[in-house]
Amino acid sequence: MEQSENALTWDAETAAEYDTPGEGMFAPERLGPTVERLAALAGGGAALEFAVGTGRVAIPLAERGVPVTGIELSEAMLARLREKADETALPVTVGDMATTRVPGDFTLVYLVYNTIGNLLEQDEQVECFRNAARHLRPGGRFVVELGVPDLRRLSPGQEGALFAAEDGYIGLDTYDVARQHLVSHHFRFGEGREARLLRSRHRYVWPAELDLMARLAGFVLESRHADWDGAAFTSESRSHVSVYRLPETG
């Protein structure tokens, strides 16, 4: 499954630099609404995070009172998580999010920060939805946070687009439109000539395609917003938080 070249991206070096407390995706104004919304969607039950990483969301969600279990492919990322939470506080199984099963009775499974794109084939992404369904009780929810492909920035014949330009950092995406693949290139540099490059490959997914994957796994779309605060999703939205629900039995 996602044990491809992408697995090599999340190595010890990346894991050591991943956490940025109070800044970026760890900023309270970003993380706070995420945790509050997920806690509400769990509805008093337990949650399972696919690709739990270093615990950015799982740890504060558990501290919020929601029992959280994780699945994580990268042992380096898991080692970083274990510096902050032990197995009793946050049990994690090493494995891929499309096939790995864990024990438990869950009302919520969630995937944040574009992680489903780490699965590089459509069939793998479909299996991810099916794996979520296998872990949920009837009426349970699967939440996916994902960017909207921004192909409108590409001029005819252009294969890449800049998405960030800051002091010491440049971000560039290159696209393989035929395969729905993109490679994110992250360049970090200082005053000298040396620069560091991190690249990660993803399969981008359109919202309508995501909805069809959900239907194949037995879900219905419950809601879609542009962010965790509940802003309306429009044609100009750069990302979405989609909530899928399994029908109740009986």
# chains A, B, ... in the order shown; residues from 1 in each chain; ligands from 1

call {"tool": "select_by_dssp", "arguments": {"residues": "segment 62-207 of chain A", "states": "alpha helix (DSSP H)", "output": "JSON, numbers by chain"}}
result
{"A": [62, 63, 75, 76, 77, 78, 79, 80, 81, 82, 122, 123, 124, 125, 126, 127, 128, 129, 130, 131, 132, 133, 134, 135, 207]}

call {"tool": "write_last_selection", "arguments": {"atoms": "C-alpha atoms", "output": "mmCIF file, in the first residue's frame"}}
result
data_model
loop_
_atom_site.group_PDB
_atom_site.id
_atom_site.type_symbol
_atom_site.label_atom_id
_atom_site.label_comp_id
_atom_site.auth_asym_id
_atom_site.auth_seq_id
_atom_site.Cartn_x
_atom_site.Cartn_y
_atom_site.Cartn_z
ATOM 1 C CA ALA A 62 -7.291 12.389 24.142
ATOM 2 C CA GLU A 63 -6.658 15.141 26.687
ATOM 3 C CA GLU A 75 8.156 4.024 13.156
ATOM 4 C CA ALA A 76 10.197 7.243 13.282
ATOM 5 C CA MET A 77 7.034 9.330 13.620
ATOM 6 C CA LEU A 78 5.701 6.911 16.231
ATOM 7 C CA ALA A 79 8.927 7.187 18.215
ATOM 8 C CA ARG A 80 8.414 10.946 18.330
ATOM 9 C CA LEU A 81 4.852 10.441 19.554
ATOM 10 C CA ARG A 82 6.100 8.114 22.285
ATOM 11 C CA GLN A 122 -7.072 5.091 -6.381
ATOM 12 C CA ASP A 123 -7.659 1.487 -5.306
ATOM 13 C CA GLU A 124 -5.660 2.118 -2.119
ATOM 14 C CA GLN A 125 -7.747 5.172 -1.321
ATOM 15 C CA VAL A 126 -10.941 3.177 -1.863
ATOM 16 C CA GLU A 127 -9.638 0.510 0.522
ATOM 17 C CA CYS A 128 -8.918 3.237 3.067
ATOM 18 C CA PHE A 129 -12.614 4.121 3.103
ATOM 19 C CA ARG A 130 -13.530 0.461 3.445
ATOM 20 C CA ASN A 131 -11.074 0.063 6.304
ATOM 21 C CA ALA A 132 -12.649 3.030 8.068
ATOM 22 C CA ALA A 133 -16.084 1.443 7.658
ATOM 23 C CA ARG A 134 -14.826 -1.837 9.126
ATOM 24 C CA HIS A 135 -13.783 -0.052 12.322
ATOM 25 C CA PRO A 207 -14.357 16.091 -3.729
#

call {"tool": "residues_around", "arguments": {"residues": "Gly44 of chain A", "least_positions_apart": "6", "cutoff": "9 Å", "atoms": "only C-alpha atoms", "output": "list in words"}}
result
Gly65, Val66 and Thr107 of chain A

call {"tool": "write_last_selection", "arguments": {"atoms": "N, CA, C and O atoms", "output": "PDB file, in the first residue's frame"}}
result
ATOM      1  N   GLY A  65     -10.671  14.221  26.490  1.00  0.00           N
ATOM      2  CA  GLY A  65     -11.538  13.213  27.062  1.00  0.00           C
ATOM      3  C   GLY A  65     -12.023  12.154  26.103  1.00  0.00           C
ATOM      4  O   GLY A  65     -12.805  11.275  26.479  1.00  0.00           O
ATOM      5  N   VAL A  66     -11.544  12.198  24.843  1.00  0.00           N
ATOM      6  CA  VAL A  66     -11.943  11.199  23.849  1.00  0.00           C
ATOM      7  C   VAL A  66     -10.910  10.082  23.834  1.00  0.00           C
ATOM      8  O   VAL A  66      -9.718  10.341  23.613  1.00  0.00           O
ATOM      9  N   THR A 107     -16.701   5.251  17.264  1.00  0.00           N
ATOM     10  CA  THR A 107     -17.749   6.085  16.682  1.00  0.00           C
ATOM     11  C   THR A 107     -17.171   7.057  15.661  1.00  0.00           C
ATOM     12  O   THR A 107     -17.927   7.678  14.913  1.00  0.00           O
TER      13      THR A 107
END

call {"tool": "closest_residue", "arguments": {"among": "A:Ile170, A:Ala58, A:Leu197, A:Leu111", "to": "Val144 of chain A", "atoms": "only C-alpha atoms"}}
result
A:Leu111

call {"tool": "closest_residue", "arguments": {"among": "A:Pro247, A:Gly147, A:Gly190, A:Gly160", "to": "Tyr113 of chain A", "atoms": "only C-alpha atoms"}}
result
A:Gly147

call {"tool": "select_by_dssp", "arguments": {"residues": "segment 135-216 of chain A", "states": "strand (DSSP E)", "output": "ChimeraX atom specification"}}
result
/A:136-147,160-166,169-176,181-189,195-203

call {"tool": "residues_around", "arguments": {"residues": "Asp167 of chain A", "least_positions_apart": "6", "cutoff": "12 Å", "atoms": "only C-alpha atoms", "output": "VMD selection string"}}
result
chain A and resid 187 to 191

call {"tool": "closest_atom_pairs", "arguments": {"of": "segment 50-75 of chain A", "to": "segment 23-43 of chain A", "cutoff": "7 Å", "atoms": "only C-alpha atoms", "output": "CSV"}}
result
residue,atom,partner,partner_atom,distance
A:Val57,CA,A:Val35,CA,6.6
A:Pro60,CA,A:Val35,CA,6.9
A:Leu61,CA,A:Val35,CA,5.5
A:Val66,CA,A:Ala39,CA,6.5

call {"tool": "closest_residue", "arguments": {"among": "A:Gly230, A:Gly104, A:Pro21, A:Pro149", "to": "Thr54 of chain A", "atoms": "only C-alpha atoms"}}
result
A:Pro21

call {"tool": "atom_distance", "arguments": {"atom1": "atom CA of Glu121 of chain A", "atom2": "atom CA of Pro91 of chain A"}}
result
28.0 Å
